[in-house]
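Structure data follow from my_file_6.cif (mmCIF, C-alpha atoms and all ligand atoms):
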data_model
#
loop_
_atom_site.group_PDB
_atom_site.id
_atom_site.type_symbol
_atom_site.label_atom_id
_atom_site.label_comp_id
_atom_site.auth_asym_id
_atom_site.auth_seq_id
_atom_site.Cartn_x
_atom_site.Cartn_y
_atom_site.Cartn_z
ATOM 1 C CA MET A 1 11.486 6.978 -34.742
ATOM 2 C CA ASP A 2 12.257 7.583 -31.059
ATOM 3 C CA GLN A 3 9.935 5.879 -28.547
ATOM 4 C CA PRO A 4 7.705 8.401 -26.744
ATOM 5 C CA PHE A 5 8.205 9.155 -23.048
ATOM 6 C CA VAL A 6 5.258 9.001 -20.642
ATOM 7 C CA ASP A 7 5.248 11.668 -17.947
ATOM 8 C CA ILE A 8 4.363 10.370 -14.492
ATOM 9 C CA LEU A 9 2.570 12.888 -12.294
ATOM 10 C CA TYR A 10 4.100 13.495 -8.867
ATOM 11 C CA THR A 11 0.812 14.660 -7.425
ATOM 12 C CA GLN A 12 -2.523 15.294 -9.014
ATOM 13 C CA ASN A 13 -1.857 18.981 -8.466
ATOM 14 C CA TRP A 14 0.875 18.749 -11.100
ATOM 15 C CA ASP A 15 4.112 20.166 -9.752
ATOM 16 C CA SER A 16 5.537 21.812 -12.854
ATOM 17 C CA SER A 17 9.053 22.072 -11.426
ATOM 18 C CA THR A 18 9.573 18.292 -11.201
ATOM 19 C CA LYS A 19 8.930 15.571 -13.694
ATOM 20 C CA PHE A 20 9.534 11.836 -13.993
ATOM 21 C CA SER A 21 9.342 10.225 -17.411
ATOM 22 C CA ILE A 22 9.597 6.668 -18.658
ATOM 23 C CA LYS A 23 10.287 5.762 -22.257
ATOM 24 C CA VAL A 24 7.536 3.377 -23.326
ATOM 25 C CA THR A 25 8.112 0.663 -25.872
ATOM 26 C CA LYS A 26 4.395 -0.053 -26.222
ATOM 27 C CA PRO A 27 1.163 1.428 -24.848
ATOM 28 C CA LEU A 28 -0.848 -1.621 -23.766
ATOM 29 C CA HIS A 29 -4.256 -0.368 -22.686
ATOM 30 C CA SER A 30 -6.114 2.805 -21.656
ATOM 31 C CA GLU A 31 -9.627 3.293 -20.363
ATOM 32 C CA VAL A 32 -11.692 5.538 -18.137
ATOM 33 C CA THR A 33 -13.792 3.789 -15.482
ATOM 34 C CA PRO A 34 -16.380 5.453 -13.200
ATOM 35 C CA TYR A 35 -13.511 5.849 -10.686
ATOM 36 C CA GLN A 36 -10.376 6.773 -12.618
ATOM 37 C CA ARG A 37 -8.335 6.687 -15.811
ATOM 38 C CA ILE A 38 -6.268 3.506 -16.134
ATOM 39 C CA ASP A 39 -3.193 3.246 -18.405
ATOM 40 C CA PHE A 40 -0.930 0.238 -18.889
ATOM 41 C CA PHE A 41 2.431 0.522 -20.669
ATOM 42 C CA GLU A 42 5.404 -1.595 -21.595
ATOM 43 C CA SER A 43 8.941 -0.222 -21.064
ATOM 44 C CA ASP A 44 12.485 -1.535 -21.232
ATOM 45 C CA THR A 45 13.617 -0.101 -17.903
ATOM 46 C CA TYR A 46 10.644 -0.824 -15.655
ATOM 47 C CA GLY A 47 8.880 -3.596 -17.573
ATOM 48 C CA THR A 48 5.083 -3.423 -17.573
ATOM 49 C CA PHE A 49 3.695 -0.630 -15.428
ATOM 50 C CA PHE A 50 0.358 1.090 -14.854
ATOM 51 C CA THR A 51 -0.849 4.489 -13.735
ATOM 52 C CA LEU A 52 -4.180 5.657 -12.285
ATOM 53 C CA ASP A 53 -5.093 9.229 -13.237
ATOM 54 C CA GLY A 54 -1.463 9.669 -14.347
ATOM 55 C CA LEU A 55 0.013 8.628 -10.983
ATOM 56 C CA MET A 56 2.386 5.670 -10.792
ATOM 57 C CA MET A 57 0.916 2.570 -9.141
ATOM 58 C CA VAL A 58 3.014 -0.494 -9.911
ATOM 59 C CA THR A 59 6.014 -1.336 -12.074
ATOM 60 C CA GLN A 60 7.284 -4.841 -12.620
ATOM 61 C CA LYS A 61 10.808 -3.812 -11.654
ATOM 62 C CA ASP A 62 10.348 -2.126 -8.272
ATOM 63 C CA GLU A 63 6.970 -3.330 -6.924
ATOM 64 C CA PHE A 64 8.803 -5.738 -4.597
ATOM 65 C CA ALA A 65 9.926 -2.878 -2.325
ATOM 66 C CA TYR A 66 6.392 -1.609 -1.654
ATOM 67 C CA HIS A 67 4.794 -5.043 -1.303
ATOM 68 C CA ASP A 68 7.539 -6.440 0.942
ATOM 69 C CA MET A 69 7.368 -3.463 3.258
ATOM 70 C CA ILE A 70 3.577 -3.264 3.547
ATOM 71 C CA ALA A 71 3.198 -7.004 4.220
ATOM 72 C CA HIS A 72 6.231 -8.337 6.105
ATOM 73 C CA VAL A 73 6.731 -5.571 8.703
ATOM 74 C CA PRO A 74 3.405 -6.350 10.465
ATOM 75 C CA MET A 75 3.809 -10.118 9.953
ATOM 76 C CA ALA A 76 7.196 -10.024 11.692
ATOM 77 C CA THR A 77 5.713 -7.934 14.513
ATOM 78 C CA ASN A 78 2.876 -10.398 15.130
ATOM 79 C CA PRO A 79 3.566 -13.688 13.304
ATOM 80 C CA ASP A 80 0.250 -15.087 14.616
ATOM 81 C CA ILE A 81 -1.853 -12.856 12.339
ATOM 82 C CA LYS A 82 -4.426 -15.045 10.581
ATOM 83 C CA ARG A 83 -7.240 -12.809 9.251
ATOM 84 C CA VAL A 84 -6.235 -9.996 6.921
ATOM 85 C CA LEU A 85 -8.180 -7.165 5.282
ATOM 86 C CA ILE A 86 -6.596 -5.358 2.322
ATOM 87 C CA ILE A 87 -8.244 -2.134 1.200
ATOM 88 C CA GLY A 88 -7.374 -1.138 -2.367
ATOM 89 C CA GLY A 89 -4.554 -3.304 -3.699
ATOM 90 C CA GLY A 90 -6.386 -4.471 -6.836
ATOM 91 C CA ASP A 91 -3.029 -5.162 -8.509
ATOM 92 C CA GLY A 92 -2.634 -8.139 -6.152
ATOM 93 C CA GLY A 93 0.949 -7.455 -5.000
ATOM 94 C CA THR A 94 0.042 -7.106 -1.326
ATOM 95 C CA SER A 95 -2.192 -10.199 -1.230
ATOM 96 C CA ARG A 96 0.509 -12.163 -3.091
ATOM 97 C CA GLU A 97 2.968 -11.452 -0.241
ATOM 98 C CA ILE A 98 0.425 -12.132 2.537
ATOM 99 C CA CYS A 99 -0.655 -15.420 0.946
ATOM 100 C CA ARG A 100 2.930 -16.684 1.103
ATOM 101 C CA TYR A 101 2.276 -17.342 4.823
ATOM 102 C CA LYS A 102 0.710 -20.803 4.940
ATOM 103 C CA HIS A 103 -0.983 -20.165 8.304
ATOM 104 C CA ILE A 104 -3.007 -17.179 7.047
ATOM 105 C CA GLU A 105 -6.653 -18.260 7.102
ATOM 106 C CA LYS A 106 -8.395 -15.583 5.022
ATOM 107 C CA VAL A 107 -7.649 -12.435 3.092
ATOM 108 C CA ASP A 108 -10.506 -10.110 2.162
ATOM 109 C CA LEU A 109 -9.453 -7.654 -0.547
ATOM 110 C CA VAL A 110 -11.737 -4.644 -0.994
ATOM 111 C CA GLU A 111 -11.025 -2.825 -4.250
ATOM 112 C CA ILE A 112 -13.371 -0.100 -5.442
ATOM 113 C CA ASP A 113 -12.583 -0.557 -9.147
ATOM 114 C CA GLU A 114 -12.994 -4.088 -10.498
ATOM 115 C CA ARG A 115 -11.294 -3.074 -13.770
ATOM 116 C CA VAL A 116 -7.964 -2.534 -11.959
ATOM 117 C CA MET A 117 -7.942 -6.164 -10.870
ATOM 118 C CA GLN A 118 -9.128 -7.505 -14.229
ATOM 119 C CA LEU A 119 -6.483 -5.552 -16.142
ATOM 120 C CA CYS A 120 -3.722 -6.554 -13.724
ATOM 121 C CA GLN A 121 -4.726 -10.186 -14.194
ATOM 122 C CA GLN A 122 -4.350 -9.637 -17.924
ATOM 123 C CA TYR A 123 -1.183 -7.498 -18.050
ATOM 124 C CA LEU A 124 0.584 -7.958 -14.695
ATOM 125 C CA PRO A 125 0.605 -11.667 -13.760
ATOM 126 C CA GLN A 126 3.688 -10.927 -11.620
ATOM 127 C CA THR A 127 1.417 -9.310 -9.020
ATOM 128 C CA ALA A 128 -2.032 -10.660 -9.948
ATOM 129 C CA GLY A 129 -1.233 -14.192 -11.079
ATOM 130 C CA HIS A 130 -2.377 -15.837 -7.829
ATOM 131 C CA ILE A 131 -5.802 -14.158 -7.681
ATOM 132 C CA ALA A 132 -7.712 -16.705 -9.779
ATOM 133 C CA THR A 133 -6.467 -19.740 -7.836
ATOM 134 C CA GLU A 134 -5.796 -18.588 -4.232
ATOM 135 C CA THR A 135 -8.748 -20.014 -2.282
ATOM 136 C CA ARG A 136 -8.049 -17.980 0.891
ATOM 137 C CA LEU A 137 -8.339 -14.703 -1.057
ATOM 138 C CA HIS A 138 -11.801 -13.135 -1.342
ATOM 139 C CA PRO A 139 -12.096 -10.037 -3.582
ATOM 140 C CA HIS A 140 -14.955 -7.585 -2.902
ATOM 141 C CA PHE A 141 -15.632 -4.694 -5.257
ATOM 142 C CA GLU A 142 -16.830 -1.764 -3.171
ATOM 143 C CA ASP A 143 -15.658 1.288 -1.272
ATOM 144 C CA GLY A 144 -13.321 0.396 1.625
ATOM 145 C CA LEU A 145 -14.924 2.838 4.069
ATOM 146 C CA LYS A 146 -18.380 1.402 3.383
ATOM 147 C CA TYR A 147 -17.017 -2.136 3.768
ATOM 148 C CA VAL A 148 -15.470 -1.515 7.201
ATOM 149 C CA LYS A 149 -18.619 0.239 8.416
ATOM 150 C CA ASN A 150 -20.539 -3.000 7.674
ATOM 151 C CA THR A 151 -17.951 -5.305 9.285
ATOM 152 C CA PRO A 152 -18.465 -6.754 12.809
ATOM 153 C CA ASP A 153 -16.110 -5.813 15.677
ATOM 154 C CA GLY A 154 -12.823 -7.715 15.951
ATOM 155 C CA SER A 155 -13.048 -9.396 12.517
ATOM 156 C CA TYR A 156 -9.397 -8.958 11.470
ATOM 157 C CA ASP A 157 -5.882 -9.160 12.956
ATOM 158 C CA LEU A 158 -4.360 -6.945 10.270
ATOM 159 C CA ILE A 159 -5.626 -4.198 7.950
ATOM 160 C CA LEU A 160 -3.409 -3.086 5.055
ATOM 161 C CA VAL A 161 -4.555 0.113 3.379
ATOM 162 C CA ASP A 162 -3.025 -0.236 -0.080
ATOM 163 C CA SER A 163 -4.800 2.739 -1.574
ATOM 164 C CA THR A 164 -4.295 5.618 -3.949
ATOM 165 C CA ASP A 165 -3.476 9.107 -2.623
ATOM 166 C CA PRO A 166 -6.043 11.001 -0.492
ATOM 167 C CA ILE A 167 -7.785 12.461 -3.541
ATOM 168 C CA GLY A 168 -10.972 11.266 -5.242
ATOM 169 C CA SER A 169 -12.066 7.744 -4.285
ATOM 170 C CA GLY A 170 -9.107 7.301 -1.892
ATOM 171 C CA GLU A 171 -10.035 10.358 0.200
ATOM 172 C CA GLY A 172 -12.351 8.533 2.635
ATOM 173 C CA LEU A 173 -9.499 6.165 3.569
ATOM 174 C CA PHE A 174 -7.557 9.022 5.200
ATOM 175 C CA THR A 175 -10.312 10.200 7.593
ATOM 176 C CA THR A 176 -10.653 9.848 11.373
ATOM 177 C CA ASP A 177 -13.994 8.119 10.739
ATOM 178 C CA PHE A 178 -12.198 5.422 8.712
ATOM 179 C CA TYR A 179 -9.417 4.952 11.305
ATOM 180 C CA ARG A 180 -12.040 4.572 14.067
ATOM 181 C CA GLU A 181 -13.833 1.901 12.045
ATOM 182 C CA CYS A 182 -10.508 0.120 11.471
ATOM 183 C CA PHE A 183 -9.806 0.177 15.215
ATOM 184 C CA ARG A 184 -13.242 -1.337 15.872
ATOM 185 C CA VAL A 185 -12.943 -4.163 13.316
ATOM 186 C CA LEU A 186 -9.422 -5.098 14.474
ATOM 187 C CA SER A 187 -8.873 -7.757 17.153
ATOM 188 C CA GLY A 188 -7.282 -6.837 20.523
ATOM 189 C CA ASP A 189 -3.771 -7.177 19.115
ATOM 190 C CA GLY A 190 -4.646 -5.771 15.687
ATOM 191 C CA ILE A 191 -2.304 -3.794 13.409
ATOM 192 C CA LEU A 192 -3.092 -1.218 10.701
ATOM 193 C CA ILE A 193 -0.608 -0.232 7.973
ATOM 194 C CA ASN A 194 -1.349 2.689 5.682
ATOM 195 C CA GLN A 195 0.205 4.964 3.090
ATOM 196 C CA HIS A 196 2.132 7.876 4.578
ATOM 197 C CA GLU A 197 3.235 9.381 1.276
ATOM 198 C CA SER A 198 6.620 11.043 0.631
ATOM 199 C CA PRO A 199 8.392 13.538 2.924
ATOM 200 C CA TYR A 200 9.552 15.700 -0.028
ATOM 201 C CA TYR A 201 6.656 17.329 -1.852
ATOM 202 C CA ASN A 202 4.274 19.806 -0.251
ATOM 203 C CA PHE A 203 1.083 17.938 -1.115
ATOM 204 C CA HIS A 204 2.419 14.659 0.295
ATOM 205 C CA VAL A 205 3.833 16.257 3.436
ATOM 206 C CA ARG A 206 0.527 17.994 4.178
ATOM 207 C CA GLU A 207 -1.464 14.780 3.718
ATOM 208 C CA MET A 208 1.055 12.655 5.627
ATOM 209 C CA ARG A 209 0.942 14.997 8.631
ATOM 210 C CA LYS A 210 -2.874 15.063 8.593
ATOM 211 C CA ALA A 211 -3.102 11.254 8.403
ATOM 212 C CA HIS A 212 -0.543 10.832 11.189
ATOM 213 C CA ARG A 213 -2.432 13.217 13.491
ATOM 214 C CA LYS A 214 -5.750 11.447 12.895
ATOM 215 C CA ILE A 215 -4.303 7.961 13.490
ATOM 216 C CA LYS A 216 -2.747 9.148 16.768
ATOM 217 C CA GLU A 217 -6.222 10.222 17.903
ATOM 218 C CA VAL A 218 -7.417 6.626 17.534
ATOM 219 C CA PHE A 219 -4.552 4.143 18.136
ATOM 220 C CA PRO A 220 -2.316 3.924 21.252
ATOM 221 C CA ILE A 221 0.822 2.857 19.322
ATOM 222 C CA VAL A 222 1.631 4.846 16.173
ATOM 223 C CA LYS A 223 4.952 4.730 14.289
ATOM 224 C CA VAL A 224 6.203 5.621 10.820
ATOM 225 C CA TYR A 225 8.682 3.650 8.727
ATOM 226 C CA GLN A 226 10.448 4.342 5.474
ATOM 227 C CA TYR A 227 11.667 2.561 2.381
ATOM 228 C CA ASN A 228 12.983 3.387 -1.078
ATOM 229 C CA ILE A 229 11.048 2.821 -4.256
ATOM 230 C CA ALA A 230 12.475 4.165 -7.509
ATOM 231 C CA THR A 231 9.272 5.142 -9.318
ATOM 232 C CA TYR A 232 7.296 6.855 -6.543
ATOM 233 C CA PRO A 233 7.720 10.624 -6.081
ATOM 234 C CA SER A 234 11.215 11.333 -4.676
ATOM 235 C CA GLY A 235 11.914 7.599 -4.269
ATOM 236 C CA HIS A 236 11.654 8.049 -0.478
ATOM 237 C CA TRP A 237 8.312 6.769 0.772
ATOM 238 C CA LEU A 238 6.672 6.167 4.144
ATOM 239 C CA PHE A 239 4.169 3.773 5.712
ATOM 240 C CA GLY A 240 2.252 4.346 8.937
ATOM 241 C CA PHE A 241 2.168 1.542 11.535
ATOM 242 C CA ALA A 242 -0.687 1.699 14.074
ATOM 243 C CA SER A 243 -1.445 -0.948 16.635
ATOM 244 C CA LYS A 244 -3.535 -1.723 19.690
ATOM 245 C CA ARG A 245 -0.792 -3.672 21.476
ATOM 246 C CA TYR A 246 2.396 -4.403 19.542
ATOM 247 C CA ASP A 247 5.358 -2.098 19.100
ATOM 248 C CA PRO A 248 7.147 -2.911 15.819
ATOM 249 C CA ILE A 249 10.604 -2.686 17.417
ATOM 250 C CA LEU A 250 10.051 -3.853 21.027
ATOM 251 C CA ASP A 251 7.903 -6.779 19.854
ATOM 252 C CA HIS A 252 9.820 -7.548 16.646
ATOM 253 C CA GLN A 253 9.871 -11.338 16.224
ATOM 254 C CA ALA A 254 12.894 -11.623 13.928
ATOM 255 C CA LYS A 255 13.652 -15.266 14.734
ATOM 256 C CA ARG A 256 10.069 -16.421 14.237
ATOM 257 C CA TRP A 257 9.828 -14.494 10.973
ATOM 258 C CA GLU A 258 13.071 -15.992 9.698
ATOM 259 C CA GLU A 259 11.719 -19.460 10.498
ATOM 260 C CA PHE A 260 8.988 -18.927 7.883
ATOM 261 C CA GLY A 261 11.827 -19.238 5.344
ATOM 262 C CA LEU A 262 10.416 -16.674 2.896
ATOM 263 C CA LYS A 263 12.810 -15.357 0.263
ATOM 264 C CA THR A 264 12.345 -11.600 -0.083
ATOM 265 C CA MET A 265 14.091 -9.066 -2.305
ATOM 266 C CA TYR A 266 13.770 -5.985 -0.057
ATOM 267 C CA TYR A 267 12.604 -6.948 3.436
ATOM 268 C CA ASN A 268 14.868 -8.594 6.028
ATOM 269 C CA SER A 269 15.170 -8.383 9.815
ATOM 270 C CA GLN A 270 17.834 -5.636 9.703
ATOM 271 C CA ILE A 271 15.690 -3.549 7.320
ATOM 272 C CA HIS A 272 12.775 -3.990 9.755
ATOM 273 C CA GLU A 273 14.747 -2.451 12.615
ATOM 274 C CA GLY A 274 16.373 0.234 10.467
ATOM 275 C CA ALA A 275 13.189 1.345 8.699
ATOM 276 C CA PHE A 276 11.805 2.900 11.897
ATOM 277 C CA ALA A 277 14.918 5.081 12.349
ATOM 278 C CA LEU A 278 13.798 8.210 10.528
ATOM 279 C CA PRO A 279 15.874 11.165 9.310
ATOM 280 C CA THR A 280 15.705 14.213 11.581
ATOM 281 C CA PHE A 281 13.668 16.265 9.106
ATOM 282 C CA VAL A 282 10.998 13.528 8.948
ATOM 283 C CA ASN A 283 10.868 13.260 12.750
ATOM 284 C CA GLU A 284 10.417 17.030 12.911
ATOM 285 C CA MET A 285 7.583 16.925 10.355
ATOM 286 C CA LEU A 286 5.803 14.265 12.404
ATOM 287 C CA ALA A 287 6.494 15.857 15.811
ATOM 288 C CA GLY A 288 4.457 18.907 14.967
ATOM 289 C CA THR A 289 1.277 16.977 14.178
HETATM 290 N N1 LIG B 1 0.802 0.640 -4.552
HETATM 291 C C1 LIG B 1 -0.014 1.677 -5.016
HETATM 292 C C2 LIG B 1 0.404 3.045 -4.636
HETATM 293 O O1 LIG B 1 0.821 3.293 -3.525
HETATM 294 O O2 LIG B 1 0.310 3.920 -5.474
HETATM 295 C C3 LIG B 1 -1.444 1.488 -4.703
HETATM 296 C C4 LIG B 1 -1.902 0.375 -5.525
HETATM 297 S S1 LIG B 1 -3.518 -0.091 -5.669
HETATM 298 C C5 LIG B 1 -3.601 -0.095 -7.403
HETATM 299 C C6 LIG B 1 -4.555 1.256 -5.173
HETATM 300 C C7 LIG B 1 -6.014 0.887 -5.388
HETATM 301 O O3 LIG B 1 -6.823 1.530 -4.426
HETATM 302 C C8 LIG B 1 -6.569 1.307 -6.749
HETATM 303 O O4 LIG B 1 -6.746 0.180 -7.556
HETATM 304 C C9 LIG B 1 -7.886 2.007 -6.418
HETATM 305 O O5 LIG B 1 -8.941 1.656 -7.289
HETATM 306 C C10 LIG B 1 -8.129 1.535 -4.985
HETATM 307 N N2 LIG B 1 -8.975 2.437 -4.200
HETATM 308 C C11 LIG B 1 -8.987 3.789 -4.189
HETATM 309 N N3 LIG B 1 -9.924 4.247 -3.348
HETATM 310 C C12 LIG B 1 -10.516 3.142 -2.802
HETATM 311 C C13 LIG B 1 -11.564 2.956 -1.858
HETATM 312 N N4 LIG B 1 -12.201 4.008 -1.311
HETATM 313 N N5 LIG B 1 -11.921 1.697 -1.530
HETATM 314 C C14 LIG B 1 -11.288 0.620 -2.069
HETATM 315 N N6 LIG B 1 -10.306 0.741 -2.993
HETATM 316 C C15 LIG B 1 -9.917 1.982 -3.343
#
What's the structure tokens form of this structure?
Amino acid sequence: MDQPFVDILYTQNWDSSTKFSIKVTKPLHSEVTPYQRIDFFESDTYGTFFTLDGLMMVTQKDEFAYHDMIAHVPMATNPDIKRVLIIGGGDGGTSREICRYKHIEKVDLVEIDERVMQLCQQYLPQTAGHIATETRLHPHFEDGLKYVKNTPDGSYDLILVDSTDPIGSGEGLFTTDFYRECFRVLSGDGILINQHESPYYNFHVREMRKAHRKIKEVFPIVKVYQYNIATYPSGHWLFGFASKRYDPILDHQAKRWEEFGLKTMYYNSQIHEGAFALPTFVNEMLAGT
């Protein structure tokens, strides 16, 4: 009998004119938590992957693109970052990349749904394997907005918002209130990276433009960079870069980053420079915000 395909939603407001499917060799686990539905699958093409409320989160095959680009772009802009806050990111991919820097002192990871982390530890050791043993990593299971509101000024050099889309529990992480709290808890040379969605589908474009406008109200330096990831809607995805002091191109520390000697599959110093050169249609989308 043919293996069944699993349809991956492009947005929670299902766009019936586009569809992405993966043939699964084995369903691994499904459950509904107080926050979301979690499904883990096995596939030949993408290896183990999981979805939250039907939306793709992480696949074994292409997670490197997302996790390289969220972690190494800010680290190569300010290689002296030592205190990192990750919001979301229960799969562990982002903290895995950050913890590769030996000089990082602490990483607080604030994930609203403890089950995401537990299941990733069970089914996705590629991203979550370090969580049990990495002594600099401190998981907290609560809402990211609540956590930053209770955090003293200047506590972190870098905040990575590794969240779901701005729907449901992720919604509060795309508000001006949240960005103001991030600004407050960042040190004087702090950097914030967050999801900027895809420039192709209406829902993503609307949310990306809203997020960009709100971040510009709060941070003096705001840029957008792009990367490709096969299993996210359209494969063309954006991150927002916001900073109090550093410009990701003018202050790019390519030589210092290369001296760390990290082997990466997606990120390199040329990608860093090129990622901030956006297609005209993306620049136009952002200009109007
Ligand atoms: N790389 C993924 C992507 O872009 O689709 C995101 C991965 S990570 C699994 C996203 C995590 O954010 C989820 O595990 C979810 O539980 C968590 N999350 C959503 N809203 C949150 C909130 N308000 N506070 C903390 N974590 C949150």
Expected residue set, 12 Å radius at (-8.6, -21.1, 3.4), all atoms listed in the file, as an MDAnalysis selection string:
chainID A and resid 82:84 99 101:108 133:138
Given the file above and the PyMOL selection byres (((chain A and resi 54) around 9) and not hetatm), which residues are selected, and can you give them as a VMD selection string?
chain A and resid 7 to 12 37 to 39 50 to 53 55 to 56
Would you compute, for all listed atoms of ligand LIG 1 (chain B), the axis-aligned bounding box grown by 4 Å on each side, and then report its centre and edge lengths in Å rounded to one decimal, as JSON?
{"center_x": -5.7, "center_y": 2.1, "center_z": -4.4, "size_x": 21.0, "size_y": 12.3, "size_z": 14.2}
Please return as a CSV table (one decimal) with C-alpha atoms, keeping the file's coordinate frame the residues found within 8 Å of ligand LIG 1 (chain B), counting all atoms listed in the file.
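Result file is pocket-v4.csv:
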chain,number,residue,atom,x,y,z
A,35,TYR,CA,-13.5,5.8,-10.7
A,36,GLN,CA,-10.4,6.8,-12.6
A,52,LEU,CA,-4.2,5.7,-12.3
A,55,LEU,CA,0.0,8.6,-11.0
A,56,MET,CA,2.4,5.7,-10.8
A,57,MET,CA,0.9,2.6,-9.1
A,58,VAL,CA,3.0,-0.5,-9.9
A,63,GLU,CA,7.0,-3.3,-6.9
A,66,TYR,CA,6.4,-1.6,-1.7
A,67,HIS,CA,4.8,-5.0,-1.3
A,87,ILE,CA,-8.2,-2.1,1.2
A,88,GLY,CA,-7.4,-1.1,-2.4
A,89,GLY,CA,-4.6,-3.3,-3.7
A,90,GLY,CA,-6.4,-4.5,-6.8
A,91,ASP,CA,-3.0,-5.2,-8.5
A,110,VAL,CA,-11.7,-4.6,-1.0
A,111,GLU,CA,-11.0,-2.8,-4.2
A,112,ILE,CA,-13.4,-0.1,-5.4
A,113,ASP,CA,-12.6,-0.6,-9.1
A,114,GLU,CA,-13.0,-4.1,-10.5
A,116,VAL,CA,-8.0,-2.5,-12.0
A,117,MET,CA,-7.9,-6.2,-10.9
A,141,PHE,CA,-15.6,-4.7,-5.3
A,142,GLU,CA,-16.8,-1.8,-3.2
A,143,ASP,CA,-15.7,1.3,-1.3
A,144,GLY,CA,-13.3,0.4,1.6
A,145,LEU,CA,-14.9,2.8,4.1
A,162,ASP,CA,-3.0,-0.2,-0.1
A,163,SER,CA,-4.8,2.7,-1.6
A,164,THR,CA,-4.3,5.6,-3.9
A,165,ASP,CA,-3.5,9.1,-2.6
A,168,GLY,CA,-11.0,11.3,-5.2
A,169,SER,CA,-12.1,7.7,-4.3
A,170,GLY,CA,-9.1,7.3,-1.9
A,171,GLU,CA,-10.0,10.4,0.2
A,172,GLY,CA,-12.4,8.5,2.6
A,173,LEU,CA,-9.5,6.2,3.6
A,195,GLN,CA,0.2,5.0,3.1
A,232,TYR,CA,7.3,6.9,-6.5
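If you measure from each of A:Ile191, A:Ala254, A:Ala71, A:Ala65 to Gln270 of chain A using all atoms listed in the file, the closest one turns out to be A:Ala254.
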Excluding His252 of chain A and its own-chain neighbours fewer than 6 positions away, which residues fall within 12 Å of it when counting only C-alpha atoms? Please give them as a list of chain:residue names.
A:His72, A:Val73, A:Pro74, A:Met75, A:Ala76, A:Thr77, A:Asn78, A:Pro79, A:Tyr246, A:Glu258, A:Asn268, A:Ser269, A:Gln270, A:Ile271, A:His272, A:Glu273, A:Gly274, A:Phe276
Go ahead and compute the interatomic distance for atom CA of Leu119 of chain A and atom CA of Ser43 of chain A, in Å to one decimal.
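So the answer is 17.0 Å.
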Could you tell me how far atom CA of Val161 of chain A sits from atom CA of Thr94 of chain A, in Å to one decimal place?
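Atom CA of Val161 of chain A lies 9.8 Å from atom CA of Thr94 of chain A.
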Residue members of the PyMOL selection byres (((chain A and resi 223) around 7) and not hetatm) in the file shown, as number ranges by chain:
A: 221-222, 224-225, 240-242
In Å and to one decimal, atom CA of Gly288 of chain A is distant from atom CA of Lys210 of chain A by 10.4 Å
Among the residues A:Lys23, A:Lys255, A:His236, A:His212, the one that comes closest to Ala287 of chain A [using all atoms listed in the file]
A:His212
From the set A:Phe41, A:Tyr201, A:Tyr267, A:Phe281, which residue has the shortest atom-to-atom contact distance to Pro233 of chain A, counting all atoms listed in the file?
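That would be A:Tyr201, the residue with the smallest distance to Pro233 of chain A.
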With distances taken over all atoms listed in the file, which of A:Ile159, A:Pro166, A:Gly154, A:Ile131 is nearest to Arg184 of chain A?
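With all atoms listed in the file as the atom set, the closest residue is A:Gly154.
Nearest-residue note for Phe239 of chain A: choosing from A:Glu181, A:Glu197, A:Glu42, A:Glu259, the minimum distance belongs to A:Glu197, counting only C-alpha atoms.
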With the PyMOL selection byres (((chain A and resi 219) around 9) and not hetatm) as the selection, what would be picked from this file? Answer as number ranges by chain, please.
A: 179-180, 183, 215-218, 220-222, 242-244
Excluding same-chain residues fewer than 4 positions from Arg213 of chain A, what lies within 9 Å of it counting all atoms listed in the file, as a ChimeraX atom specification?
/A:208-209,217,286,289
Got a sec to check which residues sit within 10 Å of (-1.1, 1.2, -25.2), counting all atoms listed in the file, and write them as a list in words?
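Neighbouring residues, ordered by chain and number, come to Val24, Thr25, Lys26, Pro27, Leu28, His29, Ser30, Asp39, Phe40, Phe41 and Glu42 of chain A.
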For segment 174-181 of chain A, where the input has fewer atoms than it should, I would like N, CA and C atoms rebuilt and written as a PDB file, in the coordinates of the input.
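Saved file rebuild-v6.pdb follows:
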ATOM      1  N   PHE A 174      -8.515   8.227   4.420  1.00  0.00           N
ATOM      2  CA  PHE A 174      -7.557   9.022   5.200  1.00  0.00           C
ATOM      3  C   PHE A 174      -8.305   9.872   6.238  1.00  0.00           C
ATOM      4  N   THR A 175      -9.504   9.408   6.657  1.00  0.00           N
ATOM      5  CA  THR A 175     -10.312  10.200   7.593  1.00  0.00           C
ATOM      6  C   THR A 175     -10.307   9.560   8.990  1.00  0.00           C
ATOM      7  N   THR A 176     -10.581  10.369   9.995  1.00  0.00           N
ATOM      8  CA  THR A 176     -10.653   9.848  11.373  1.00  0.00           C
ATOM      9  C   THR A 176     -11.762   8.808  11.468  1.00  0.00           C
ATOM     10  N   ASP A 177     -12.870   9.056  10.756  1.00  0.00           N
ATOM     11  CA  ASP A 177     -13.994   8.119  10.739  1.00  0.00           C
ATOM     12  C   ASP A 177     -13.500   6.729  10.296  1.00  0.00           C
ATOM     13  N   PHE A 178     -12.725   6.699   9.231  1.00  0.00           N
ATOM     14  CA  PHE A 178     -12.198   5.422   8.712  1.00  0.00           C
ATOM     15  C   PHE A 178     -11.263   4.768   9.741  1.00  0.00           C
ATOM     16  N   TYR A 179     -10.359   5.535  10.338  1.00  0.00           N
ATOM     17  CA  TYR A 179      -9.417   4.952  11.305  1.00  0.00           C
ATOM     18  C   TYR A 179     -10.163   4.400  12.522  1.00  0.00           C
ATOM     19  N   ARG A 180     -11.238   5.081  12.932  1.00  0.00           N
ATOM     20  CA  ARG A 180     -12.040   4.572  14.067  1.00  0.00           C
ATOM     21  C   ARG A 180     -12.700   3.249  13.715  1.00  0.00           C
ATOM     22  N   GLU A 181     -13.209   3.160  12.483  1.00  0.00           N
ATOM     23  CA  GLU A 181     -13.833   1.901  12.045  1.00  0.00           C
ATOM     24  C   GLU A 181     -12.783   0.791  11.983  1.00  0.00           C
TER      25      GLU A 181
END
